[in-house]
Amino acid sequence: MASSTSHSNGGRDLTGAAQFGQTQWSIVLAAAGKRDLAIAEQSLEKLCRVYWLPLYTYIRRQGESRQDAQDLTQEFFARLLEKDFLGSVDQTKGRFRSFLLASLKHFLSNQRDRARAQKRGGGQTPLSLDFTEAETSLTFQPADEQTPEKAFEKRWALTLLEQSLARLRKEYIDHGRQELFEQLKATLTEGRGGVAYAELSARLGMSEAAVKMAVHRLRQRYREVLRAEIAETVALESEVEDELREVFRALSH
Amino acid sequence: MDTIRICKQCRKPLPQNSPEGLCPECLARVALGSEPAAPRTRIPPAPAELAAQFPQLEILELLGMGGMGMVYKARQPRLDRLVALKILPIDSLPDASFAERFEREAKALAKLNHPGIVTLYDFGQTREYYYFIMEYVDGMNLRQLIQAKSLEPRQALELVMQICTALQFAHDEKIVHRDIKPENILITKKGQVKIADFGLAKLLGGQPDTALTASQMVMGTINYMAPEQRQNAQGVDHRADIYSLGVVFYEMLTGEVPMGRFEPPSKKVQIDVRLDEVVLHALEREPARRYQHVSEVKSNVETITATTPARSESPAASPTCASPMDRVLSLNLQALKSAQMDKARTALGRCKAHRVFELITCVLMAVGLGIYLRHRLTVPSLAIPALILDIFTIAAAAGAVRQLILLGEISFEEPITVIQRKTEAVKLHRLQLARLMVLSLPFYMAYVALGFDLFFGVNVLAHASRFYIYANLVVSLALLVPALWLFRNLNFRNAGHPVIRVFIKGTGGKALLAAMEFLKRTEEIEAEEQN
């Protein structure tokens, strides 16, 4: 019952090597070896639920129409979640992100060979995905010369950030500190000296030192949560930092 | 449709649906451990990516980044020494003449061999970067020391004298630093000053249109620039360094940068008034009226220190118990931090001892109650109360065991936030145990009965009047209400409630609360370090 707590740091204990063996992706990889399918599929499905939007973005950037892209995304997931997909997972290495993109490319090239006119999916929808929302976010992406890969990377990075912030927000809400989160979240992206501590302290009714500490904590926790999110998609702890950099390179263009 | 919003930090437009309305790029930057984006700077490459371009080095980690590029900690395997690798992205320096100037300047800098100056080992150019391989300094910079607010005037003087020696050496070699500021003054763990980034400002300053001048770094530097340097960055001599040294000196003494019409240092802090003269002389607006050589600053400071009686109230200042090096060492934030950590460790040790005591008491009680129960097995009016009490006692003993395990899991090798979280877990567990224990409230009648039996040999329940029993049952039922309320609400989420607050404090345990306080201070020091 005392698994973990702190006014700002709730949630799972994300540090330490012991926990690291248990990421969603490492479960998938391990299961691919042992053919332990049920668990692997659960983990894979969880991951897919989070990271489908980058795939959809990729397909749309390939020039597919909205309808086709939706069908293709659904069908890709249907295939992916079929019983025999695990044979294609290279257990020795690889991150979920690379695996997903490679699988998708493979899938798309196979699809092109087939007749498009065929009715796809058979009405099955393996995951319920919100395509309306997806379109809104696509429309507003600048229509520049972004390659589908870059669009995928960028969307992936954004998804990671969204996931992490949502989780961070939930932690604060769970600890009855939603107001604190609302007031402080903007400080996450404020530079040194840019934070109006005095103003925040008046608004929150806390001392300036306490606000400083809370800002510091929020930032620390944000870093931890984000790394934990990434950790779910890689197999080795040592890959987290690299993945973080690789993913975020996409945002800096 | 929303209007397009701009990130306040990096001035780029925010994408629609940006997470929590925050700039993704700045979020990424913060996640990587650096400050949010200064306009037009970049994400530093991972050590692994640089490996291909620097086969002669093992690149270990990113040490820092600024407007001028990034610095990595690296190792030269063949020499088995640590070095600092500074890289400047070529595409941020579009000027074609840069390569030539880089070569010329670097050669001059390589000649600067002095213990007070960060040595340049090598320099060159790869596909993407100009680079310097420099001496690696294990320590901290003067900015961190000033922010720790523990720099005493005597220590400041000691550092100033060291800076003067190093600067004079460079000036003798006809090299002007041009960017003296606390960030560029490193102090090793042994207390040796090492000035970094000699001449870089000149090298980079020739291109007003690059990202470098736009960055916060250069903006921050303006405070330390001599007036003539602000007007014409290129045509300055070594006296610009003397002005910057004056600013650093002033800041070391007062904690503030002199701006506008500033007061002499002795008006702000208690120091020898003769120092005012030195600082103000270095800060003369006209180069010709300033000190003409850094060595003069040094000899003036030396005279003042030599003729100041060593004050005895500060043990660190007494020359017999600590060398100047040691005194600088003692400033290390690391030391402050580890002192707090030690206190936290001691407090947690105390907390463990308390739990052991608790465990022994509970076990003894549980055993005693067990024996009592056996004797009274045939008397339900006494056996039932004994059983109830025994269950609560065993629960308390189990709680103590669990807390001991949780305490045992705390390792001081781990990051401070992890230690804090684990300590909080112990505190939470204690609160949970308290939740359970409040459920024993309505059973108070059972305890009264046990007490009477043990001390007076009277079975109250057997002999009590019906009225007594009913009256107490009513009270018990009434007590069930607060007991259940507490059971439901005792958690940190309700910490704002006055009653809950009392419980949280009360069940924390003094030692545990003390440990948490020390951990918090450690965290504060860490936050200070980062700011």
# chains A, B, ... in the order shown; residues from 1 in each chain; ligands from 1

$ closest_atom_pairs --of "chain B" --to "chain A" --cutoff "6 Å" --atoms "only C-alpha atoms" --output "JSON lines"
{"residue": "B:Pro19", "atom": "CA", "partner": "A:Glu162", "partner_atom": "CA", "distance": 5.0}
{"residue": "B:Glu25", "atom": "CA", "partner": "A:Leu251", "partner_atom": "CA", "distance": 5.7}
{"residue": "B:Cys26", "atom": "CA", "partner": "A:Thr189", "partner_atom": "CA", "distance": 5.4}
{"residue": "B:Leu27", "atom": "CA", "partner": "A:Thr189", "partner_atom": "CA", "distance": 5.8}
{"residue": "B:Ala31", "atom": "CA", "partner": "A:Arg223", "partner_atom": "CA", "distance": 5.1}
{"residue": "B:Glu35", "atom": "CA", "partner": "A:Gly191", "partner_atom": "CA", "distance": 5.9}
{"residue": "B:Pro36", "atom": "CA", "partner": "A:Gly191", "partner_atom": "CA", "distance": 5.4}
{"residue": "B:Arg421", "atom": "CA", "partner": "A:Ser6", "partner_atom": "CA", "distance": 5.9}
{"residue": "B:Glu424", "atom": "CA", "partner": "A:Ser6", "partner_atom": "CA", "distance": 5.8}
{"residue": "B:Ala425", "atom": "CA", "partner": "A:Ser4", "partner_atom": "CA", "distance": 5.3}
{"residue": "B:His429", "atom": "CA", "partner": "A:Ala2", "partner_atom": "CA", "distance": 5.2}
{"residue": "B:Arg493", "atom": "CA", "partner": "A:His175", "partner_atom": "CA", "distance": 4.9}

$ write_last_selection --atoms "all heavy atoms" --output "compact mmCIF listing (two decimals), in the first residue's frame"
# COMPACT_ATOMS: atom_id res chain seq x y z
N PRO B 19 1.30 20.35 -26.62
CA PRO B 19 0.97 19.72 -25.35
C PRO B 19 0.86 20.74 -24.21
O PRO B 19 1.81 21.48 -23.98
CB PRO B 19 2.13 18.75 -25.10
CG PRO B 19 3.13 19.00 -26.17
CD PRO B 19 2.53 19.84 -27.22
N GLU B 25 9.45 22.33 -28.56
CA GLU B 25 10.90 22.40 -28.68
C GLU B 25 11.55 22.76 -27.35
O GLU B 25 12.56 22.19 -26.95
CB GLU B 25 11.27 23.40 -29.76
CG GLU B 25 12.68 23.22 -30.23
CD GLU B 25 13.02 24.16 -31.38
OE1 GLU B 25 12.13 24.51 -32.16
OE2 GLU B 25 14.19 24.54 -31.46
N CYS B 26 10.94 23.70 -26.65
CA CYS B 26 11.49 24.10 -25.35
C CYS B 26 11.33 22.95 -24.35
O CYS B 26 12.21 22.71 -23.52
CB CYS B 26 10.81 25.36 -24.83
SG CYS B 26 11.28 26.83 -25.76
N LEU B 27 10.21 22.25 -24.44
CA LEU B 27 9.98 21.11 -23.55
C LEU B 27 11.08 20.06 -23.77
O LEU B 27 11.61 19.48 -22.82
CB LEU B 27 8.62 20.48 -23.82
CG LEU B 27 7.43 21.13 -23.13
CD1 LEU B 27 6.13 20.56 -23.68
CD2 LEU B 27 7.48 20.94 -21.63
N ALA B 31 13.85 18.77 -21.14
CA ALA B 31 13.96 17.34 -20.84
C ALA B 31 15.40 16.88 -20.97
O ALA B 31 15.86 16.01 -20.25
CB ALA B 31 13.08 16.54 -21.78
N GLU B 35 18.70 24.45 -20.43
CA GLU B 35 17.68 25.48 -20.28
C GLU B 35 16.80 25.48 -21.53
O GLU B 35 17.21 24.97 -22.58
CB GLU B 35 18.37 26.84 -20.14
CG GLU B 35 18.89 27.09 -18.75
CD GLU B 35 17.76 27.21 -17.74
OE1 GLU B 35 16.88 28.07 -17.93
OE2 GLU B 35 17.76 26.45 -16.76
N PRO B 36 15.61 26.06 -21.42
CA PRO B 36 14.79 26.18 -22.61
C PRO B 36 15.56 26.94 -23.69
O PRO B 36 16.50 27.66 -23.40
CB PRO B 36 13.59 27.00 -22.15
CG PRO B 36 13.62 26.99 -20.68
CD PRO B 36 14.98 26.61 -20.23
N ARG B 421 11.48 10.21 -2.35
CA ARG B 421 10.26 9.45 -2.62
C ARG B 421 10.17 8.24 -1.70
O ARG B 421 9.12 7.92 -1.18
CB ARG B 421 10.23 9.02 -4.08
CG ARG B 421 8.84 8.99 -4.63
CD ARG B 421 8.83 8.71 -6.11
NE ARG B 421 9.70 9.62 -6.82
CZ ARG B 421 10.52 9.24 -7.79
NH1 ARG B 421 10.59 7.98 -8.14
NH2 ARG B 421 11.27 10.11 -8.39
N GLU B 424 9.27 9.32 1.73
CA GLU B 424 7.85 9.63 1.78
C GLU B 424 7.01 8.35 1.82
O GLU B 424 5.93 8.33 2.40
CB GLU B 424 7.45 10.46 0.56
CG GLU B 424 8.19 11.78 0.52
CD GLU B 424 7.23 12.95 0.47
OE1 GLU B 424 6.02 12.70 0.43
OE2 GLU B 424 7.71 14.09 0.50
N ALA B 425 7.52 7.31 1.19
CA ALA B 425 6.80 6.05 1.21
C ALA B 425 6.69 5.54 2.64
O ALA B 425 5.65 5.02 3.05
CB ALA B 425 7.49 5.03 0.33
N HIS B 429 3.33 5.01 4.74
CA HIS B 429 3.01 3.76 5.39
C HIS B 429 2.59 3.99 6.83
O HIS B 429 1.66 3.36 7.34
CB HIS B 429 4.20 2.81 5.32
CG HIS B 429 3.84 1.43 5.79
ND1 HIS B 429 3.92 1.07 7.11
CD2 HIS B 429 3.37 0.37 5.12
CE1 HIS B 429 3.51 -0.19 7.22
NE2 HIS B 429 3.18 -0.64 6.03
N ARG B 493 -3.74 13.37 0.13
CA ARG B 493 -4.55 14.21 -0.73
C ARG B 493 -5.33 15.22 0.10
O ARG B 493 -5.64 16.30 -0.35
CB ARG B 493 -5.51 13.32 -1.53
CG ARG B 493 -5.70 13.79 -2.93
CD ARG B 493 -6.47 12.77 -3.71
NE ARG B 493 -5.81 11.46 -3.66
CZ ARG B 493 -6.40 10.33 -4.02
NH1 ARG B 493 -7.65 10.34 -4.42
NH2 ARG B 493 -5.75 9.20 -3.97

$ closest_residue --among "B:Thr393, B:Asn300, B:Ser476, B:Asn17" --to "His281 (chain B)" --atoms "only C-alpha atoms"
B:Asn300

$ closest_residue --among "B:Ile371, B:Leu512, B:Leu280, B:Val273" --to "Lys352 (chain B)" --atoms "only C-alpha atoms"
B:Leu512

$ select_by_dssp --residues "region 9-91 of chain B" --states "helix (DSSP H, G or I)" --output "number ranges by chain"
B: 19-21, 24-31, 47-51, 90-91

$ residues_around --residues "Ala235 (chain A)" --least-positions-apart "2" --cutoff "7 Å" --atoms "only C-alpha atoms" --output "ChimeraX atom specification"
/A:25-26,95,233,237
